[in-house]
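Visitor: Have a peek at upload-v1.pdb (PDB, C-alpha atoms).
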MODEL        1
ATOM      1  CA  MET A 154     155.683 -24.831 -30.142
ATOM      2  CA  ALA A 155     153.586 -25.786 -33.132
ATOM      3  CA  THR A 156     150.569 -23.690 -34.041
ATOM      4  CA  GLY A 157     147.065 -24.820 -34.907
ATOM      5  CA  ARG A 158     147.399 -23.600 -38.501
ATOM      6  CA  THR A 159     149.930 -26.233 -39.491
ATOM      7  CA  HIS A 160     149.014 -29.189 -37.279
ATOM      8  CA  ARG A 161     145.577 -30.777 -36.992
ATOM      9  CA  PRO A 162     144.514 -33.709 -34.804
ATOM     10  CA  ALA A 163     144.448 -37.100 -36.470
ATOM     11  CA  THR A 164     141.292 -38.476 -34.901
ATOM     12  CA  ARG A 165     139.344 -38.774 -38.146
ATOM     13  CA  SER A 166     142.164 -40.434 -40.073
ATOM     14  CA  ARG A 167     142.551 -42.963 -37.277
ATOM     15  CA  GLY A 168     138.878 -43.831 -37.377
ATOM     16  CA  ILE A 169     137.905 -42.722 -33.862
ATOM     17  CA  PRO A 170     134.102 -42.350 -33.733
ATOM     18  CA  GLU A 171     132.724 -38.858 -33.183
ATOM     19  CA  ALA A 172     130.849 -40.065 -30.086
ATOM     20  CA  THR A 173     134.154 -41.195 -28.586
ATOM     21  CA  VAL A 174     135.810 -37.881 -29.471
ATOM     22  CA  ALA A 175     132.963 -36.067 -27.693
ATOM     23  CA  ARG A 176     133.650 -38.066 -24.506
ATOM     24  CA  LEU A 177     137.426 -37.598 -24.481
ATOM     25  CA  PRO A 178     137.202 -34.120 -22.866
ATOM     26  CA  LEU A 179     135.061 -35.640 -20.091
ATOM     27  CA  TYR A 180     137.734 -38.244 -19.386
ATOM     28  CA  LEU A 181     140.454 -35.596 -19.538
ATOM     29  CA  ARG A 182     138.644 -33.386 -17.028
ATOM     30  CA  ALA A 183     138.242 -36.278 -14.587
ATOM     31  CA  LEU A 184     141.851 -37.395 -15.086
ATOM     32  CA  THR A 185     143.180 -33.860 -14.593
ATOM     33  CA  ALA A 186     141.355 -33.670 -11.260
ATOM     34  CA  LEU A 187     142.955 -36.981 -10.234
ATOM     35  CA  SER A 188     146.373 -35.777 -11.359
ATOM     36  CA  GLU A 189     146.029 -32.619  -9.289
ATOM     37  CA  ARG A 190     145.417 -34.855  -6.248
ATOM     38  CA  SER A 191     148.521 -36.909  -7.138
ATOM     39  CA  VAL A 192     146.477 -40.076  -7.731
ATOM     40  CA  PRO A 193     148.790 -42.432  -9.695
ATOM     41  CA  THR A 194     146.317 -44.955 -11.111
ATOM     42  CA  VAL A 195     142.566 -45.276 -11.552
ATOM     43  CA  SER A 196     140.261 -48.179 -12.365
ATOM     44  CA  SER A 197     137.899 -48.055 -15.316
ATOM     45  CA  GLU A 198     134.937 -48.136 -12.911
ATOM     46  CA  GLU A 199     136.232 -45.170 -10.883
ATOM     47  CA  LEU A 200     137.099 -43.115 -13.943
ATOM     48  CA  ALA A 201     133.798 -43.934 -15.650
ATOM     49  CA  ALA A 202     131.870 -42.805 -12.575
ATOM     50  CA  ALA A 203     133.851 -39.556 -12.429
ATOM     51  CA  ALA A 204     133.204 -38.903 -16.130
ATOM     52  CA  GLY A 205     129.530 -39.880 -15.985
ATOM     53  CA  VAL A 206     129.665 -42.849 -18.377
ATOM     54  CA  ASN A 207     129.559 -46.616 -17.927
ATOM     55  CA  SER A 208     132.815 -48.532 -17.610
ATOM     56  CA  ALA A 209     132.222 -50.736 -20.672
ATOM     57  CA  LYS A 210     131.869 -47.651 -22.870
ATOM     58  CA  LEU A 211     135.010 -46.141 -21.342
ATOM     59  CA  ARG A 212     137.060 -49.256 -22.038
ATOM     60  CA  LYS A 213     135.779 -49.306 -25.620
ATOM     61  CA  ASP A 214     136.676 -45.635 -26.071
ATOM     62  CA  PHE A 215     140.179 -46.164 -24.729
ATOM     63  CA  SER A 216     140.703 -49.125 -27.036
ATOM     64  CA  TYR A 217     140.601 -46.675 -29.959
ATOM     65  CA  LEU A 218     143.547 -44.900 -28.347
ATOM     66  CA  GLY A 219     145.443 -48.149 -27.923
ATOM     67  CA  SER A 220     145.207 -47.905 -24.149
ATOM     68  CA  TYR A 221     143.942 -50.972 -22.315
ATOM     69  CA  GLY A 222     145.143 -50.483 -18.746
ATOM     70  CA  THR A 223     146.647 -53.156 -16.506
ATOM     71  CA  ARG A 224     144.513 -55.845 -14.915
ATOM     72  CA  GLY A 225     144.356 -55.374 -11.157
ATOM     73  CA  VAL A 226     146.065 -51.984 -11.379
ATOM     74  CA  GLY A 227     143.999 -49.843 -13.736
ATOM     75  CA  TYR A 228     145.112 -46.942 -15.901
ATOM     76  CA  ASP A 229     148.147 -44.736 -15.363
ATOM     77  CA  VAL A 230     146.647 -41.287 -14.786
ATOM     78  CA  GLU A 231     149.540 -39.162 -16.085
ATOM     79  CA  TYR A 232     149.963 -41.270 -19.198
ATOM     80  CA  LEU A 233     146.250 -41.063 -19.999
ATOM     81  CA  VAL A 234     146.296 -37.277 -19.513
ATOM     82  CA  TYR A 235     149.117 -37.051 -22.037
ATOM     83  CA  GLN A 236     147.558 -39.563 -24.414
ATOM     84  CA  ILE A 237     144.134 -37.892 -24.524
ATOM     85  CA  SER A 238     145.650 -34.393 -24.671
ATOM     86  CA  ARG A 239     147.731 -35.460 -27.650
ATOM     87  CA  GLU A 240     144.755 -37.059 -29.373
ATOM     88  CA  LEU A 241     142.678 -33.907 -28.906
ATOM     89  CA  GLY A 242     145.518 -31.751 -30.172
ATOM     90  CA  LEU A 243     145.995 -30.023 -26.844
ATOM     91  CA  THR A 244     149.755 -30.481 -26.821
ATOM     92  CA  GLN A 245     149.831 -27.823 -29.570
ATOM     93  CA  ASP A 246     149.181 -24.099 -29.401
ATOM     94  CA  TRP A 247     145.746 -23.178 -30.815
ATOM     95  CA  PRO A 248     145.327 -19.431 -31.455
ATOM     96  CA  VAL A 249     141.669 -18.435 -31.052
ATOM     97  CA  ALA A 250     139.865 -15.314 -32.251
ATOM     98  CA  ILE A 251     136.695 -14.136 -30.503
ATOM     99  CA  VAL A 252     134.336 -12.048 -32.637
ATOM    100  CA  GLY A 253     131.738  -9.992 -30.758
ATOM    101  CA  ILE A 254     133.095  -8.472 -27.554
ATOM    102  CA  GLY A 255     129.899  -7.872 -25.624
ATOM    103  CA  ASN A 256     129.256  -9.303 -22.178
ATOM    104  CA  LEU A 257     129.671 -12.935 -23.290
ATOM    105  CA  GLY A 258     132.668 -12.296 -25.527
ATOM    106  CA  ALA A 259     134.418 -10.345 -22.774
ATOM    107  CA  ALA A 260     133.662 -13.092 -20.252
ATOM    108  CA  LEU A 261     135.189 -15.709 -22.553
ATOM    109  CA  ALA A 262     138.231 -13.507 -23.141
ATOM    110  CA  ASN A 263     138.746 -13.304 -19.380
ATOM    111  CA  TYR A 264     138.311 -17.043 -18.828
ATOM    112  CA  GLY A 265     141.573 -18.395 -17.478
ATOM    113  CA  GLY A 266     140.950 -22.031 -18.369
ATOM    114  CA  PHE A 267     141.762 -21.725 -22.063
ATOM    115  CA  ALA A 268     145.530 -21.373 -21.719
ATOM    116  CA  SER A 269     145.917 -24.442 -19.512
ATOM    117  CA  ARG A 270     144.065 -26.517 -22.111
ATOM    118  CA  GLY A 271     146.087 -25.526 -25.150
ATOM    119  CA  PHE A 272     144.037 -22.538 -26.375
ATOM    120  CA  ARG A 273     145.437 -19.026 -26.615
ATOM    121  CA  VAL A 274     143.093 -16.080 -27.138
ATOM    122  CA  ALA A 275     145.070 -14.370 -29.878
ATOM    123  CA  ALA A 276     142.596 -11.738 -31.064
ATOM    124  CA  LEU A 277     139.423  -9.948 -30.012
ATOM    125  CA  ILE A 278     137.306  -8.467 -32.803
ATOM    126  CA  ASP A 279     134.210  -6.273 -32.733
ATOM    127  CA  ALA A 280     132.146  -4.238 -35.223
ATOM    128  CA  ASP A 281     131.750  -1.254 -32.904
ATOM    129  CA  PRO A 282     134.342   1.438 -33.806
ATOM    130  CA  ALA A 283     134.172   2.705 -30.228
ATOM    131  CA  MET A 284     135.531  -0.644 -29.014
ATOM    132  CA  ALA A 285     138.671  -0.474 -31.175
ATOM    133  CA  GLY A 286     141.762  -0.264 -29.015
ATOM    134  CA  THR A 287     139.870  -1.006 -25.810
ATOM    135  CA  PRO A 288     141.810  -3.536 -23.720
ATOM    136  CA  VAL A 289     139.875  -6.634 -22.633
ATOM    137  CA  ALA A 290     141.748  -9.286 -20.646
ATOM    138  CA  GLY A 291     144.949  -7.490 -21.620
ATOM    139  CA  ILE A 292     144.224  -7.690 -25.360
ATOM    140  CA  ALA A 293     143.276  -4.674 -27.478
ATOM    141  CA  VAL A 294     139.997  -5.103 -29.356
ATOM    142  CA  GLN A 295     140.335  -4.745 -33.138
ATOM    143  CA  HIS A 296     137.701  -3.764 -35.705
ATOM    144  CA  THR A 297     136.036  -6.276 -38.017
ATOM    145  CA  ASP A 298     137.250  -4.309 -41.050
ATOM    146  CA  ASP A 299     140.669  -5.847 -40.364
ATOM    147  CA  LEU A 300     139.373  -9.387 -39.766
ATOM    148  CA  ASP A 301     141.207 -10.999 -42.711
ATOM    149  CA  ARG A 302     144.546  -9.509 -41.681
ATOM    150  CA  ILE A 303     144.008 -10.373 -38.014
ATOM    151  CA  ILE A 304     143.292 -14.014 -38.805
ATOM    152  CA  SER A 305     146.316 -14.263 -41.079
ATOM    153  CA  ASP A 306     148.736 -12.449 -38.772
ATOM    154  CA  ASN A 307     147.805 -14.610 -35.765
ATOM    155  CA  GLY A 308     147.544 -17.935 -37.597
ATOM    156  CA  VAL A 309     143.996 -18.450 -36.292
ATOM    157  CA  SER A 310     142.161 -21.619 -37.290
ATOM    158  CA  ILE A 311     139.499 -21.550 -34.530
ATOM    159  CA  GLY A 312     136.974 -18.733 -34.386
ATOM    160  CA  VAL A 313     134.473 -18.049 -31.604
ATOM    161  CA  ILE A 314     131.307 -16.163 -32.580
ATOM    162  CA  THR A 315     129.527 -14.285 -29.786
ATOM    163  CA  THR A 316     127.695 -11.738 -31.931
ATOM    164  CA  PRO A 317     123.929 -11.099 -32.097
ATOM    165  CA  PRO A 318     122.182 -13.727 -34.262
ATOM    166  CA  GLY A 319     121.601 -11.347 -37.174
ATOM    167  CA  ALA A 320     125.336 -10.809 -37.668
ATOM    168  CA  ALA A 321     126.541 -14.362 -37.026
ATOM    169  CA  GLN A 322     126.292 -15.752 -40.574
ATOM    170  CA  GLN A 323     128.123 -12.802 -42.099
ATOM    171  CA  VAL A 324     130.875 -13.112 -39.489
ATOM    172  CA  CYS A 325     131.021 -16.857 -40.121
ATOM    173  CA  ASP A 326     131.406 -16.314 -43.878
ATOM    174  CA  ARG A 327     134.221 -13.852 -43.337
ATOM    175  CA  LEU A 328     136.020 -16.173 -40.917
ATOM    176  CA  VAL A 329     135.797 -19.055 -43.385
ATOM    177  CA  ALA A 330     136.988 -16.852 -46.254
ATOM    178  CA  ALA A 331     139.950 -15.809 -44.103
ATOM    179  CA  GLY A 332     140.942 -19.442 -43.582
ATOM    180  CA  VAL A 333     139.245 -20.372 -40.301
ATOM    181  CA  THR A 334     138.223 -24.038 -40.423
ATOM    182  CA  SER A 335     136.657 -24.542 -36.980
ATOM    183  CA  ILE A 336     133.993 -22.347 -35.389
ATOM    184  CA  LEU A 337     132.445 -22.304 -31.935
ATOM    185  CA  ASN A 338     129.099 -20.550 -32.260
ATOM    186  CA  PHE A 339     127.391 -18.955 -29.259
ATOM    187  CA  ALA A 340     124.912 -16.973 -31.377
ATOM    188  CA  PRO A 341     121.378 -18.437 -31.207
ATOM    189  CA  THR A 342     121.185 -19.259 -34.908
ATOM    190  CA  VAL A 343     122.161 -22.078 -37.258
ATOM    191  CA  LEU A 344     125.207 -21.358 -39.404
ATOM    192  CA  SER A 345     125.720 -22.578 -42.946
ATOM    193  CA  VAL A 346     129.311 -23.571 -43.716
ATOM    194  CA  PRO A 347     131.068 -25.340 -46.605
ATOM    195  CA  ASP A 348     132.493 -28.840 -46.409
ATOM    196  CA  GLY A 349     135.689 -28.997 -44.410
ATOM    197  CA  VAL A 350     134.561 -26.459 -41.825
ATOM    198  CA  ASP A 351     133.498 -27.739 -38.402
ATOM    199  CA  VAL A 352     130.920 -25.889 -36.298
ATOM    200  CA  ARG A 353     130.072 -26.547 -32.680
ATOM    201  CA  LYS A 354     127.014 -24.744 -31.340
ATOM    202  CA  VAL A 355     126.545 -23.610 -27.749
ATOM    203  CA  ASP A 356     123.013 -22.339 -27.125
ATOM    204  CA  LEU A 357     122.444 -21.575 -23.449
ATOM    205  CA  SER A 358     118.724 -20.893 -23.932
ATOM    206  CA  ILE A 359     118.185 -24.335 -25.453
ATOM    207  CA  GLU A 360     119.983 -25.982 -22.556
ATOM    208  CA  LEU A 361     117.820 -24.052 -20.102
ATOM    209  CA  GLN A 362     114.670 -25.059 -22.002
ATOM    210  CA  ILE A 363     115.692 -28.713 -21.771
ATOM    211  CA  LEU A 364     116.214 -28.328 -18.029
ATOM    212  CA  ALA A 365     112.794 -26.649 -17.767
ATOM    213  CA  PHE A 366     111.250 -29.671 -19.503
ATOM    214  CA  HIS A 367     112.809 -32.035 -16.970
ATOM    215  CA  GLU A 368     111.734 -29.817 -14.071
ATOM    216  CA  GLN A 369     108.157 -29.782 -15.378
ATOM    217  CA  ARG A 370     108.162 -33.554 -15.795
ATOM    218  CA  LYS A 371     109.501 -34.064 -12.270
ATOM    219  CA  ALA A 372     106.831 -31.730 -10.893
ATOM    220  CA  GLY A 373     104.158 -33.693 -12.770
ATOM    221  CA  GLU A 374     105.464 -36.984 -11.445
ATOM    222  CA  GLU A 375     105.485 -35.633  -7.882
ATOM    223  CA  ALA A 376     101.912 -34.351  -8.262
ATOM    224  CA  ALA A 377     100.802 -37.716  -9.625
ATOM    225  CA  ALA A 378     102.532 -39.491  -6.725
ATOM    226  CA  ASP A 379     100.832 -37.179  -4.232
ATOM    227  CA  GLY A 380      97.481 -37.889  -5.888
ATOM    228  CA  ARG A 381      98.002 -41.640  -5.658
ATOM    229  CA  ALA A 382      98.991 -41.322  -2.018
ATOM    230  CA  ALA A 383      95.825 -39.338  -1.266
ATOM    231  CA  VAL A 384      93.664 -41.966  -2.965
ATOM    232  CA  ASP A 385      95.368 -44.740  -1.023
ATOM    233  CA  THR A 386      94.777 -42.853   2.238
ATOM    234  CA  ASP A 387      91.097 -42.341   1.446
ATOM    235  CA  GLU A 388      90.673 -46.028   0.706
ATOM    236  CA  GLU A 389      92.298 -47.009   3.985
ATOM    237  CA  GLU A 390      90.033 -44.679   6.018
ATOM    238  CA  ALA A 391      86.759 -45.524   4.246
ATOM    239  CA  PRO A 392      84.373 -47.733   6.324
ATOM    240  CA  PRO A 393      83.872 -51.279   5.067
ATOM    241  CA  MET A 394      80.925 -51.774   2.783
ATOM    242  CA  ARG A 395      77.991 -53.726   4.275
ATOM    243  CA  ALA A 396      77.298 -56.828   2.305
ATOM    244  CA  THR A 397      73.724 -56.924   1.045
ATOM    245  CA  PRO A 398      71.843 -60.030   0.013
ATOM    246  CA  THR A 399      70.500 -60.187  -3.469
ATOM    247  CA  GLY A 400      66.761 -59.990  -4.013
ATOM    248  CA  ARG A 401      63.896 -57.546  -4.074
ATOM    249  CA  LYS A 402      63.826 -54.285  -2.166
ATOM    250  CA  GLY A 403      60.929 -53.178  -0.021
ATOM    251  CA  PRO A 404      60.098 -49.860   1.522
ATOM    252  CA  ASP A 405      62.290 -50.657   4.535
ATOM    253  CA  GLY A 406      65.350 -51.472   2.516
ATOM    254  CA  ASP A 407      66.891 -54.711   1.410
ATOM    255  CA  MET A 408      64.762 -57.842   1.739
ATOM    256  CA  PRO A 409      65.855 -61.430   1.571
ATOM    257  CA  ALA A 410      65.329 -63.202  -1.709
ATOM    258  CA  VAL A 411      62.932 -65.777  -0.123
ATOM    259  CA  MET A 412      60.225 -64.545   2.202
ATOM    260  CA  PRO A 413      58.788 -66.860   4.907
ATOM    261  CA  ALA A 414      55.245 -68.094   4.263
TER     262      ALA A 414
ENDMDL
END
Since I need it in another form, could you write the structure as structure tokens?
Guide:
Amino acid sequence: MATGRTHRPATRSRGIPEATVARLPLYLRALTALSERSVPTVSSEELAAAAGVNSAKLRKDFSYLGSYGTRGVGYDVEYLVYQISRELGLTQDWPVAIVGIGNLGAALANYGGFASRGFRVAALIDADPAMAGTPVAGIAVQHTDDLDRIISDNGVSIGVITTPPGAAQQVCDRLVAAGVTSILNFAPTVLSVPDGVDVRKVDLSIELQILAFHEQRKAGEEAAADGRAAVDTDEEEAPPMRATPTGRKGPDGDMPAVMPA
């Protein structure tokens, strides 16, 4: 099986937009679920709904892959799984190194979904000498002093950084110097990398903050709706206003505008 060091996906050379590339894993996840249920074909509307996009966008995305489906039948699920997997490079073996084996790094090392998607955790690396040799998910942790050799020996081109933010840039620089050209960064900091190196950032705190914003907005909308409902109720229960004629007022209240002689 080919390794990630010698084979890279051809999406950029084929002119597939980055936005389309970002949606391909969503389609693949939905298609894999259909395949596991032995569903042979799927319409663009059904697949779009499962992936959380609109059907017109899905059809446009698939046109970049040269897949247009069959009118009245839809898309062949197994063929699309293969086609998207190939386009994403998932039919190859991608050795991955995780640097920073704390709680998050260990959790990622133990995640069983990588292997089924074409990613093999080839190395676990940590700066703590006490961690060296400790098995995590069946793999012995190695020290960062040997990072260059580890990357070279395992043919790693994808690095995962799960270190504290203060150490992330230094680790990133060392990974790049060792030949790593793609980095998944879980550290809550922005990394600086040279041209030709791709970085994807996963910041759980930012995602939670965005969710908090939406929760606050929904709470505000509900409070405003409750306030409007209360006002409407008050207006319905208020007694009708007594019409008063225009004119002068006397000590006993309103008086007609024209007094009898």
Visitor: Out of A:Leu357, A:Val252, A:Leu261, A:Ala283, which residue has the shortest atom-to-atom distance to Arg327 in chain A when counting all atoms listed in the file?
Guide: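 Of A:Leu357, A:Val252, A:Leu261, A:Ala283, the one nearest Arg327 in chain A, counting all atoms listed in the file, is A:Val252.
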Visitor: So, with all atoms listed in the file as the atoms that count, which of A:Ala201, A:Phe366, A:Ile169, A:Asn307 lies closest to Tyr217 in chain A?
Guide: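 Answer, going by the shortest atom-to-atom distance: A:Ile169.
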Visitor: Would you be able to write out as a PyMOL selection string which residues have an atom within 12 Å of (129.2, -18.6, -41.6) in the file's coordinates, counting all atoms listed in the file?
Guide: chain A and resi 312-314+316+318-338+340+342-348+350-353
Visitor: Would you mind telling me which residue in A:Ala175, A:Ala202, A:Ala183, A:Ala276 lies nearest to Ala290 in chain A when using only C-alpha atoms?
Guide: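 Checking each of A:Ala175, A:Ala202, A:Ala183, A:Ala276 against Ala290 in chain A, counting only C-alpha atoms, the winner is A:Ala276.
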Visitor: Select, from A:Gly291, A:Gln369, A:Gly225, A:Gly219, the residue with the minimum atom-to-atom distance to Glu240 in chain A, counting all atoms listed in the file.
Guide: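 Between A:Gly291, A:Gln369, A:Gly225, A:Gly219, the residue approaching Glu240 in chain A most closely is A:Gly219.
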Visitor: May I ask for the distance between CA of Arg302 in chain A and CA of Gln245 in chain A, given in Å to one decimal place?
Guide: 22.6 Å
Visitor: Residues near Gln236 in chain A, anyone? I mean within 9 Å using all atoms listed in the file, not counting same-chain ones fewer than 4 positions away, as an MDAnalysis selection string.
Guide: chainID A and resid 218 220 231:232 240:241
Visitor: In terms of the shortest atom-to-atom distance over all atoms listed in the file, which of A:Ala260, A:Leu181, A:Ala285, A:Ala250 is closest to Asp301 in chain A?
Guide: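 Closest to Asp301 in chain A of all the choices is A:Ala250.
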Visitor: Might you pull out every residue within 9 Å of Leu277 in chain A, with only C-alpha atoms counted and same-chain residues fewer than 4 positions away left off, and present them as a PyMOL selection string?
Guide: chain A and resi 249-254+258-259+262+289+292-296
Visitor: How would the residues just picked look written out with C-alpha atoms as a PDB file, in the frame of the given file?
Guide:
ATOM      1  CA  VAL A 249     141.669 -18.435 -31.052  1.00  0.00           C
ATOM      2  CA  ALA A 250     139.865 -15.314 -32.251  1.00  0.00           C
ATOM      3  CA  ILE A 251     136.695 -14.136 -30.503  1.00  0.00           C
ATOM      4  CA  VAL A 252     134.336 -12.048 -32.637  1.00  0.00           C
ATOM      5  CA  GLY A 253     131.738  -9.992 -30.758  1.00  0.00           C
ATOM      6  CA  ILE A 254     133.095  -8.472 -27.554  1.00  0.00           C
ATOM      7  CA  GLY A 258     132.668 -12.296 -25.527  1.00  0.00           C
ATOM      8  CA  ALA A 259     134.418 -10.345 -22.774  1.00  0.00           C
ATOM      9  CA  ALA A 262     138.231 -13.507 -23.141  1.00  0.00           C
ATOM     10  CA  VAL A 289     139.875  -6.634 -22.633  1.00  0.00           C
ATOM     11  CA  ILE A 292     144.224  -7.690 -25.360  1.00  0.00           C
ATOM     12  CA  ALA A 293     143.276  -4.674 -27.478  1.00  0.00           C
ATOM     13  CA  VAL A 294     139.997  -5.103 -29.356  1.00  0.00           C
ATOM     14  CA  GLN A 295     140.335  -4.745 -33.138  1.00  0.00           C
ATOM     15  CA  HIS A 296     137.701  -3.764 -35.705  1.00  0.00           C
TER      16      HIS A 296
END
Visitor: I'd like to see the residues matched by the PyMOL selection byres ((chain A and resi 273) around 7) on this file, and ideally I'd get them as a compact mmCIF listing (two decimals) with C-alpha atoms, in the coordinates of the input.
Guide:
# COMPACT_ATOMS: atom_id res chain seq x y z
CA ASP A 246 149.18 -24.10 -29.40
CA TRP A 247 145.75 -23.18 -30.82
CA PRO A 248 145.33 -19.43 -31.46
CA VAL A 249 141.67 -18.43 -31.05
CA PHE A 267 141.76 -21.72 -22.06
CA ALA A 268 145.53 -21.37 -21.72
CA GLY A 271 146.09 -25.53 -25.15
CA PHE A 272 144.04 -22.54 -26.38
CA VAL A 274 143.09 -16.08 -27.14
CA ALA A 275 145.07 -14.37 -29.88
Visitor: Hey, which of A:Val309, A:Ser238, A:Tyr228, A:Asp298 ends up closest to Val174 in chain A? Count only C-alpha atoms.
Guide: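 Closest candidate: A:Ser238.
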Visitor: One decimal, in Å: what's the spacing between CA of Asn207 in chain A and CA of Glu368 in chain A?
Guide: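 Those two atoms sit 24.8 Å apart.
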Visitor: So which residues get picked by the PyMOL selection byres ((chain A and resi 194) around 10) here, written as a list in words?
Guide: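 For this structure, the PyMOL selection byres ((chain A and resi 194) around 10) resolves to Leu184, Leu187, Ser188, Ser191, Val192, Pro193, Val195, Ser196, Ser197, Leu200, Gly222, Thr223, Val226, Gly227, Tyr228, Asp229, Val230, Glu231, Tyr232 and Leu233 of chain A.
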